[in-house]
Protein chains: 6
Amino acid sequence: MADNVVVRNIPRTHPAVLDALAAGGTATVHEAQGRTGLLAREIRPVQSGASVAGSAVTVLTHPGDNLMIHAAIEVCGPGDVLVVATKTPNTDGMIGDLVVTSLRARGVAGIVTDAGVRDVAVIREMGFPIWTRAISAQGTVKASPGSVNVPVVCGGQLVNPGDAMVCDDDGVVCVPRERGEEVVAGVQARTANEDEKRARFEAGELGLDMYGLRAKLTELGVEYREGES
Amino acid sequence: MADNVVVRNIPRTHPAVLDALAAGGTATVHEAQGRTGLLAREIRPVQSGASVAGSAVTVLTHPGDNLMIHAAIEVCGPGDVLVVATKTPNTDGMIGDLVVTSLRARGVAGIVTDAGVRDVAVIREMGFPIWTRAISAQGTVKASPGSVNVPVVCGGQLVNPGDAMVCDDDGVVCVPRERGEEVVAGVQARTANEDEKRARFEAGELGLDMYGLRAKLTELGVEYREGES
Amino acid sequence: MADNVVVRNIPRTHPAVLDALAAGGTATVHEAQGRTGLLAREIRPVQSGASVAGSAVTVLTHPGDNLMIHAAIEVCGPGDVLVVATKTPNTDGMIGDLVVTSLRARGVAGIVTDAGVRDVAVIREMGFPIWTRAISAQGTVKASPGSVNVPVVCGGQLVNPGDAMVCDDDGVVCVPRERGEEVVAGVQARTANEDEKRARFEAGELGLDMYGLRAKLTELGVEYREGES
Amino acid sequence: MADNVVVRNIPRTHPAVLDALAAGGTATVHEAQGRTGLLAREIRPVQSGASVAGSAVTVLTHPGDNLMIHAAIEVCGPGDVLVVATKTPNTDGMIGDLVVTSLRARGVAGIVTDAGVRDVAVIREMGFPIWTRAISAQGTVKASPGSVNVPVVCGGQLVNPGDAMVCDDDGVVCVPRERGEEVVAGVQARTANEDEKRARFEAGELGLDMYGLRAKLTELGVEYREGES
Amino acid sequence: MADNVVVRNIPRTHPAVLDALAAGGTATVHEAQGRTGLLAREIRPVQSGASVAGSAVTVLTHPGDNLMIHAAIEVCGPGDVLVVATKTPNTDGMIGDLVVTSLRARGVAGIVTDAGVRDVAVIREMGFPIWTRAISAQGTVKASPGSVNVPVVCGGQLVNPGDAMVCDDDGVVCVPRERGEEVVAGVQARTANEDEKRARFEAGELGLDMYGLRAKLTELGVEYREGES
Amino acid sequence: MADNVVVRNIPRTHPAVLDALAAGGTATVHEAQGRTGLLAREIRPVQSGASVAGSAVTVLTHPGDNLMIHAAIEVCGPGDVLVVATKTPNTDGMIGDLVVTSLRARGVAGIVTDAGVRDVAVIREMGFPIWTRAISAQGTVKASPGSVNVPVVCGGQLVNPGDAMVCDDDGVVCVPRERGEEVVAGVQARTANEDEKRARFEAGELGLDMYGLRAKLTELGVEYREGES
C-alpha cells in the first residue's frame, strides 16, 4: 500500500522525446495519441506563449497544505515538470514565488497544478511557466502528510511519475512514458502533413477538396441551395 | 424544412454599416439597439484589442465535428465573420490554425464560436481574431451533417445569415441586417454625445450634475448624511 | 436604520499604511492578517501588472443600475478605491469609460466590483485599474436608490467605508481600517523574512532544510523509498 | 420590426400531436427529430414525475421584470405552455404562486422559463408543473416593456409561438409546429421498437446481439482478453 | 479586535416576530424588507417542505474544520438557527448526523451553511432541516480556531448574531434583528393583500386589470397585434 | 498497451466486504480510508435513499457514444456496479431505460457515471439506483471504440476494475479492492464508536466535553466573552 510515501528515483521520458513532443504542441500530441490524455481545459496557463514538455514529478497533497511540495522539490531534476494534485478539490494558492525560486534553482521546467498559485505578477516576471486551475492569494500551511512520485489524478487524467507533460497555450496533455516514442512518430507524421496542408490552404485550396469532403456531404444528404444575395 | 442544407448566397449587411458599427463598439451598439442582441459574456476574445464587424456566415455543426465548417469556408467572402453554433453544447477545439489559414485566404475577418478553438498560440501570431467559449486542444472529426447559412442560436442569441456581428474586447453583439442603418444612426448620436460628455467629465464635472440626478436621488428618498472623517 | 443613504465623510486608512500594504501585495497582506479578508477569487483584474491600495468608498446598487455610482463619485477623494456591491448578484457592465474618466478626474486610484464593467479596451488604454467579476457590454439604467459609504459585502467579504483595499494580479484583500498598522507590521516582518529566504532558495537550499520539515515528515509517518530510474 | 409587441392569436400545434409527443417523452422526441430542439439541461423540473406537452406562448421580458408575463396570460389558452425568455441572463424569481394561480385559472398546462421561480412549496402543493433554471425568492418589478408571442431563445433553443414544448423529468424539447406530425410518426415507430427491445432485454438478450454490435467491435479493432478473477 | 472569540449571550429576535416571519415565507419577507437580505440561491434545502425562522447563532470556521461548531452548540438555545460561514470558500461536509443529534438535543431549529453537510439520508429521516451549499461525504478535522457569535458573511449576506434567519423551499433570507417588527408589519400587509388577490386570480381576473397594467403597456409603447391562429 | 480492450474476467471485492462497506456508508468509509477515494460531489444520486456497494466494472467510452456500455454489460455479474468514464468531459444521456433493463436482467446493482443519464422517470419507477453528473435527454450513438475493465478516472478518482464502489445519498467513494478488509475494520470501529457517541449526544452531552475540546480552544487562543442578551 502506498499512502504517504516519497519515491526518490523514477524512470523519466527521454529528453529527445520531450523535445519532439514540445515541438508538436498539445493539440497535435493529443491527436497523435488517439485523443487521450488531455487534462481538463480549466487548467490554464498563467502566462502567454510558453511551451514546455518535461517528465512528471507528481505530488499528492492535502488541500490547503504545501508540505509535500517541499518534499517533491528535492527529488526534481533539470527539465522536470512538477505536477500537483490534491486529495479533494482545492483552489488555494499553494505555490508562490519562493517555491518557484526553489524549483528554478533545481532546473525545473514548469508546474501543472489542479489547485492554485499566488504571486503571479512576480512569477510572470521571472518567466517561469505555470498551468493552473486558479489564481488565488489564499496561502497554505505545512502540516499534513501526502506523497511524491505516486500515480495521481490531475485535471481528470491519470498521471504516472515520469510521464511526459506537454504544456502550451492550448492546455496540457499527458503522454504515458512508455508510449513516448510511438506518439512522437505520430506527431512528426502529422506535423509534416500539416505543413504541406498549410501551404495549400494559404494558396486558396479548400478543405472540401483537400480532404475529399464533397462526396461525404452528398452521401450524408447535405443539400446545396443557391439562396440570394 | 431546412435540415442539412448549405445556402451559397446570402444578403449581407452593407460595408458602410459594418464600419460604423465597428467604430461604435459593442457596448454602444448594444445600447443603441435597445439593449438586445448581446451574446453570452462567456464568449470571450482569444486576443486583446481586436475590433471587428462583419456579416455572419452561420454554421450549425454536430458537437465535436468540424465537417460543416469546411463547407462554410467556400461560401465565405471578404470581411465576413464565421459564426459557429453546435446542436448541443460543446467546447471542443473545432477550429485550429489550418482552418484559420483557409479562412484568412478568403479574406474572412474573424470567428465567433459557441464551441472551442485550439492552436491559439499560432493564431495569435497570425493576428486573426476569434471570440470563443473555450480554448481546448481537443480535436474533432469530419463525419456528421449540418447546415451553413441557416438561422442559428449562438451565445443564447438568434443569428441570421448576413446579420452584422460586432466584436471587441467587451464581447459580441448581433445586429439584425434589416436594422443596421437604424442602429448606426443611434450609435452615431450616442458617440457624439459621449465625446462631449467625456470632455466634461475630464474637466471635473459630475454625472450628478450632467445627468440632473440630484433631483432623482431626492425623489427616490436617498438621504445625505455628513458622517465624519 | 441605514437604507438609501449617502455618507459624505468617512475616516480613511492612513496613506503610509496604504503604501506599505501595496508594497506587500495581496498574498503577503492576507497572510499577515491571519488569512482573512480575501475577496472571492472570481474578482479578477482587467489589466495585468497593476498594484493598488486605497481606502474604500463603498456603493450598494440595485442590479443593472449605476445611479448610486454617480452619487459615490462626488464623495471620492484622491487615492480612494471605489467598491461596488449589488443587492442581488449581477454581472452587467455597470461601469464604462465615461465613469472611469470621471473617477480619474477626482484622482480615484481604482475600482473593485462584484458586478461587471464594459469598454475595457478604452479603459486599458487609459491605464485605470479595475478588479471585476465580469466583462460585459450590457449597459445599465439610472433609476433605483441605494447607498454610498455603508458597510457592504463584496466578493463574499464585509467591506466598511475607509477600509484598505489591496489589489494586484493575485486578487483583492480588504484590511479593516483599524487593523491597518498591525497588519503593516506583520507585512514588513514577512517581507524581510521572504527576501532572506529567496536568496537562500536561489542558492539552492531546500525548504525541507530551511523550514526544518524533515522531522515533521518523519513524525507524520511519510516514508522514503528509493524507487528506480 | 417587432420590438415590444403582443400578438393575440397564434397557430397552435394540434392537440392530438401534443398528446402523442407527451406519450413519447423528451428523450424519444429528441431522438425522433434528429437530436435537435433540446433546451439546456440546466432547465430542470421543480417537481418530480410531471409530463406535459403544450403549444408555446412565448414571452420576452426585461431581466427582473414580470410585466409582460401578465400581458401573456391574457392570450394563453387551455393546454398552452408559457415560455419565458429574458433579454439578458437572469435568475430572479419572476413567477410566484399568484401568477401560477392566474395561469391555472386559464387552463395553462405548465411553464418553461430561462429565468427563475419562487413560492415553490405552494406551487408544488398546487400540482402545477414548472421547468426552470433557478429557484429564487428574489422578486421582480412591473416596469419595462417586452413582447409576447414573438420568436424567443430559451435554454439556447429558438422557440416560435405555437411550437410544441415537450417537458418531463429529463428536461424540455421544442418541436417546431410544422414538424409535429412528422416527429410523432418517428416517435411512434421508436416507441413500438423500444417496447419490443425492452421485452428482449428483460429476457436477458444482450445489446451486443440485438444491435449486431459484435462485428462492429471487431471492425473497430476492439480486442477481447480473458483477464482473471 | 474580534478574532477567535466565543460570545456566550446575544440578543435574539422576539419569538412572535420569528413566528410571523416564518408564516410569511422567504419571498414575502424579502419583498417586505425592500428586497434585501437574500442569501445566495446556491444555498438550497436538503429536504422538501420545511419552513423555519430562528435567531442566528453564527460560527466562523476554518475551511475543512468543524471545531468551532462544537463551541457554538453550547451557546445555542431552543429555536435558534445555526449559521456556519467559512474563512475561505469550502464545500466539505462539516456537519453530519452526530452534530445534528447534538443540536437537536438543545432544541436548535435548523442549520444554514455556506459550506457542506454529510449523512443526509440519516438527517432527512431525523426530520432536521438544513440549508446548504453542498452535500459532500468529505469529513473535517477539529484543529483550528475561529469565532462564535460574531458578524459573518454567509451566502453573500452579512448576518449578525440574533438576526432572524427565515428559511423555506425558496431559500434563506436574513432579517436584521432591529428591523424585525417593521418587516413583520410589511409581511402581514402583503399577506392579506395576496390572499385577496389569490381569490380574484382564481376567479379568472387578470393581473393586467388587477394591477392596472394596460395603461402602463400603452405608455411604454407596447403594441397589440391580432396575429392569426 | 491497453487501448480498446475488453477484459472479460476481473478479481472482485469480496461480498462480505461489500456488505460491510454499504452498512458503513460513504462518509464513514471515506473517513476510514484516510479521507481518500471520494468522487467529485457533482456526481449525485438520481433517486433518494438508495445505498449500494458493488465491485466496479469499468467502461471508458467516447463522448456521446454508448457502444462500449453494451460491451460491458456482457461481462457484468450480479451485484456489480457499472462505472462509466468518458475520454473527454461529456454530459449526454448515455444510459436510458433500455440499458438499465439489460443491466437489471444481469443482476447489476447500480451505475456510477461521469457522463449523464436519461429516462429518469422510468428508471426511478424501476427502482434502479444511479449516481450521475447530469440528467439529459440527449441521446448517443454506437460508433466508436473504447475499453471495458481497464483503470479509469471517474469523478476525479482512479477506479480499477473490481474496486468497491460505495454509493449513497452523500455521493460515491471508491475503495481499492486490496484495501477492502482494512477499510472494513476501520469502518466497524468507527460505527461502534459513533453509536456510543450518538447516545451521549442525545442525552445532551456536548462535543466540547466528549472530545475534550475545551483545552484545545484555550490552547488555540480562543477567548470567551459573556456578551449580553
# chains A, B, ... in the order shown; residues from 1 in each chain; ligands from 1
call {"tool": "interface_residues", "arguments": {"of": "chain D", "to": "chain B", "cutoff": "9 Å", "atoms": "only C-alpha atoms", "output": "number ranges by chain"}}
result
D: 1, 35-40, 87-89, 152-158, 178-179
call {"tool": "residues_around", "arguments": {"residues": "Gly64 in chain B", "least_positions_apart": "4", "cutoff": "9 Å", "atoms": "only C-alpha atoms", "output": "list in words"}}
result
Thr86, Asn90, Thr91, Asp92, Gly93, Met94, Ala115, Gln138, Gly139, Thr140, Val141 and Lys142 of chain B
call {"tool": "write_last_selection", "arguments": {"atoms": "all heavy atoms", "output": "compact mmCIF listing (two decimals), in the first residue's frame"}}
result
# COMPACT_ATOMS: atom_id res chain seq x y z
N THR B 86 -23.47 24.89 -32.28
CA THR B 86 -23.49 23.43 -32.25
C THR B 86 -24.88 22.94 -31.84
O THR B 86 -25.61 23.64 -31.18
CB THR B 86 -22.45 22.88 -31.26
OG1 THR B 86 -22.73 23.42 -29.97
CG2 THR B 86 -21.04 23.24 -31.66
N ASN B 90 -21.01 22.21 -26.54
CA ASN B 90 -19.75 21.51 -26.80
C ASN B 90 -18.61 22.52 -26.76
O ASN B 90 -18.75 23.62 -27.27
CB ASN B 90 -19.82 20.86 -28.20
CG ASN B 90 -18.56 20.10 -28.54
OD1 ASN B 90 -17.66 20.63 -29.16
ND2 ASN B 90 -18.47 18.86 -28.09
N THR B 91 -17.50 22.13 -26.13
CA THR B 91 -16.38 23.06 -26.05
C THR B 91 -15.11 22.51 -26.68
O THR B 91 -14.02 22.98 -26.39
CB THR B 91 -16.09 23.43 -24.58
OG1 THR B 91 -15.83 22.21 -23.88
CG2 THR B 91 -17.24 24.17 -23.94
N ASP B 92 -15.22 21.53 -27.56
CA ASP B 92 -14.03 21.00 -28.23
C ASP B 92 -13.38 22.08 -29.09
O ASP B 92 -14.02 23.04 -29.52
CB ASP B 92 -14.41 19.82 -29.13
CG ASP B 92 -14.86 18.60 -28.32
OD1 ASP B 92 -14.66 18.59 -27.09
OD2 ASP B 92 -15.40 17.67 -28.92
N GLY B 93 -12.11 21.87 -29.36
CA GLY B 93 -11.35 22.81 -30.18
C GLY B 93 -11.63 22.56 -31.65
O GLY B 93 -10.80 21.98 -32.35
N MET B 94 -12.77 23.04 -32.15
CA MET B 94 -13.22 22.71 -33.51
C MET B 94 -12.46 23.45 -34.59
O MET B 94 -12.55 23.11 -35.76
CB MET B 94 -14.69 23.10 -33.66
CG MET B 94 -15.59 22.14 -33.00
SD MET B 94 -17.20 22.24 -33.78
CE MET B 94 -18.08 21.27 -32.58
N ALA B 115 -18.54 27.06 -29.49
CA ALA B 115 -17.76 25.89 -29.10
C ALA B 115 -16.35 26.36 -28.70
O ALA B 115 -16.23 27.36 -28.00
CB ALA B 115 -17.72 24.89 -30.25
N GLN B 138 -8.66 19.71 -27.59
CA GLN B 138 -9.49 18.58 -28.05
C GLN B 138 -9.84 18.71 -29.53
O GLN B 138 -10.54 19.64 -29.93
CB GLN B 138 -10.77 18.55 -27.21
CG GLN B 138 -11.73 17.45 -27.57
CD GLN B 138 -11.24 16.08 -27.11
OE1 GLN B 138 -10.53 16.01 -26.11
NE2 GLN B 138 -11.55 15.04 -27.84
N GLY B 139 -9.36 17.77 -30.34
CA GLY B 139 -9.62 17.79 -31.77
C GLY B 139 -11.00 17.26 -32.12
O GLY B 139 -11.76 16.82 -31.26
N THR B 140 -11.32 17.31 -33.42
CA THR B 140 -12.66 16.93 -33.86
C THR B 140 -12.58 16.05 -35.10
O THR B 140 -11.52 15.91 -35.70
CB THR B 140 -13.48 18.20 -34.20
OG1 THR B 140 -12.67 19.07 -35.00
CG2 THR B 140 -13.89 18.92 -32.94
N VAL B 141 -13.73 15.47 -35.49
CA VAL B 141 -13.79 14.62 -36.67
C VAL B 141 -14.52 15.36 -37.80
O VAL B 141 -14.89 16.52 -37.66
CB VAL B 141 -14.49 13.29 -36.34
CG1 VAL B 141 -13.67 12.50 -35.31
CG2 VAL B 141 -15.90 13.53 -35.82
N LYS B 142 -14.66 14.70 -38.93
CA LYS B 142 -15.37 15.25 -40.09
C LYS B 142 -16.34 14.18 -40.56
O LYS B 142 -16.15 13.56 -41.59
CB LYS B 142 -14.38 15.60 -41.20
CG LYS B 142 -13.42 16.73 -40.89
CD LYS B 142 -12.40 16.96 -41.99
CE LYS B 142 -11.40 18.05 -41.62
NZ LYS B 142 -10.70 17.83 -40.32
call {"tool": "residues_around", "arguments": {"residues": "Leu67 in chain A", "least_positions_apart": "6", "cutoff": "8 Å", "atoms": "only C-alpha atoms", "output": "list in words"}}
result
Thr61, Val141, Lys142, Ala143, Ser144 and Pro145 of chain A; Leu213 of chain C
call {"tool": "atom_distance", "arguments": {"atom1": "CA of Gly127 in chain E", "atom2": "CA of Arg12 in chain E"}}
result
24.5 Å
call {"tool": "select_by_dssp", "arguments": {"residues": "range 48-123 of chain D", "states": "strand (DSSP E)", "output": "list in words"}}
result
Val52, Ala53, Gly54, Ser55, Ala56, Val57, Thr58, Val59, Leu60, Thr61, Val81, Leu82, Val83, Val84, Ala85, Thr86, Gly93, Met94, Ile95, Gly110, Ile111, Val112, Thr113, Asp114, Ala115, Gly116 and Val117 of chain D
call {"tool": "write_last_selection", "arguments": {"atoms": "C-alpha atoms", "output": "short mmCIF file (atom, residue, chain, number, x, y, z; two decimals), in the first residue's frame"}}
result
data_model
loop_
_atom_site.label_atom_id
_atom_site.label_comp_id
_atom_site.auth_asym_id
_atom_site.auth_seq_id
_atom_site.Cartn_x
_atom_site.Cartn_y
_atom_site.Cartn_z
CA VAL D 52 -46.56 17.87 -20.22
CA ALA D 53 -46.77 18.85 -23.89
CA GLY D 54 -48.39 22.12 -24.96
CA SER D 55 -48.19 24.89 -27.53
CA ALA D 56 -45.74 27.64 -26.65
CA VAL D 57 -47.00 31.09 -25.73
CA THR D 58 -43.71 32.97 -25.66
CA VAL D 59 -42.72 35.95 -23.51
CA LEU D 60 -39.63 38.10 -23.87
CA THR D 61 -39.06 40.09 -20.67
CA VAL D 81 -47.19 26.14 -22.08
CA LEU D 82 -45.89 29.58 -21.11
CA VAL D 83 -42.28 30.02 -22.27
CA VAL D 84 -40.40 32.83 -20.55
CA ALA D 85 -37.15 34.19 -22.00
CA THR D 86 -35.21 37.26 -20.86
CA GLY D 93 -37.97 34.52 -9.16
CA MET D 94 -40.18 36.10 -11.83
CA ILE D 95 -43.07 33.75 -11.26
CA GLY D 110 -47.18 24.40 -17.46
CA ILE D 111 -44.29 26.87 -17.54
CA VAL D 112 -40.81 26.70 -19.06
CA THR D 113 -38.51 29.53 -18.01
CA ASP D 114 -34.94 30.59 -18.70
CA ALA D 115 -35.15 32.72 -15.53
CA GLY D 116 -36.34 31.67 -12.03
CA VAL D 117 -39.41 30.96 -9.90
#
call {"tool": "residues_around", "arguments": {"residues": "Leu21 in chain B", "least_positions_apart": "4", "cutoff": "10 Å", "atoms": "only C-alpha atoms", "output": "PyMOL selection string"}}
result
chain B and resi 15-17+25-26+28-29+52-54+164-167+173+175+180-181+183-185+187-188
call {"tool": "atom_distance", "arguments": {"atom1": "CA of Val148 in chain A", "atom2": "CA of Pro129 in chain A"}}
result
20.9 Å
call {"tool": "residues_around", "arguments": {"residues": "range 202-212 of chain A", "least_positions_apart": "3", "cutoff": "9 Å", "atoms": "only C-alpha atoms", "output": "list of chain:residue names"}}
result
A:Lys197, A:Arg198, A:Ala199, A:Ala215, A:Lys216, B:Leu67, B:His70, B:Ala71, B:Ile73, B:Glu74, B:Leu98, B:Val99, B:Thr101, B:Ser102, B:Leu103, B:Arg104, B:Ala105, B:Arg106
call {"tool": "write_last_selection", "arguments": {"atoms": "N, CA and C atoms", "output": "short mmCIF file (atom, residue, chain, number, x, y, z; two decimals), in the first residue's frame"}}
result
data_model
loop_
_atom_site.label_atom_id
_atom_site.label_comp_id
_atom_site.auth_asym_id
_atom_site.auth_seq_id
_atom_site.Cartn_x
_atom_site.Cartn_y
_atom_site.Cartn_z
N LYS A 197 -0.28 20.93 -45.85
CA LYS A 197 -1.65 21.44 -45.97
C LYS A 197 -1.71 22.94 -45.78
N ARG A 198 -0.91 23.45 -44.84
CA ARG A 198 -0.93 24.89 -44.57
C ARG A 198 -0.60 25.67 -45.84
N ALA A 199 0.40 25.19 -46.54
CA ALA A 199 0.80 25.86 -47.79
C ALA A 199 -0.35 25.86 -48.80
N ALA A 215 -17.89 14.54 -51.60
CA ALA A 215 -18.62 13.27 -51.73
C ALA A 215 -19.30 12.93 -50.40
N LYS A 216 -18.57 13.18 -49.32
CA LYS A 216 -19.12 12.87 -47.99
C LYS A 216 -20.37 13.69 -47.71
N LEU B 67 -16.84 19.16 -39.91
CA LEU B 67 -17.09 18.98 -41.35
C LEU B 67 -17.76 20.21 -41.97
N HIS B 70 -15.82 23.35 -42.94
CA HIS B 70 -15.17 23.34 -44.26
C HIS B 70 -16.16 23.70 -45.37
N ALA B 71 -17.39 23.21 -45.22
CA ALA B 71 -18.40 23.58 -46.22
C ALA B 71 -18.68 25.08 -46.18
N ILE B 73 -16.58 27.53 -45.40
CA ILE B 73 -15.48 28.37 -45.88
C ILE B 73 -15.69 28.75 -47.35
N GLU B 74 -16.18 27.77 -48.11
CA GLU B 74 -16.36 28.02 -49.55
C GLU B 74 -17.33 29.16 -49.84
N LEU B 98 -5.04 25.55 -39.15
CA LEU B 98 -5.23 25.26 -40.58
C LEU B 98 -6.54 25.87 -41.08
N VAL B 99 -7.61 25.71 -40.32
CA VAL B 99 -8.88 26.31 -40.71
C VAL B 99 -8.74 27.83 -40.77
N THR B 101 -6.04 29.48 -41.42
CA THR B 101 -5.28 29.80 -42.63
C THR B 101 -6.20 29.84 -43.85
N SER B 102 -7.09 28.86 -43.93
CA SER B 102 -8.01 28.81 -45.05
C SER B 102 -8.98 30.00 -45.03
N LEU B 103 -9.49 30.33 -43.86
CA LEU B 103 -10.40 31.47 -43.74
C LEU B 103 -9.70 32.77 -44.14
N ARG B 104 -8.46 32.92 -43.68
CA ARG B 104 -7.71 34.13 -43.99
C ARG B 104 -7.47 34.25 -45.48
N ALA B 105 -7.24 33.10 -46.12
CA ALA B 105 -7.01 33.12 -47.57
C ALA B 105 -8.24 33.64 -48.32
N ARG B 106 -9.39 33.51 -47.72
CA ARG B 106 -10.63 34.01 -48.34
C ARG B 106 -11.01 35.39 -47.86
#
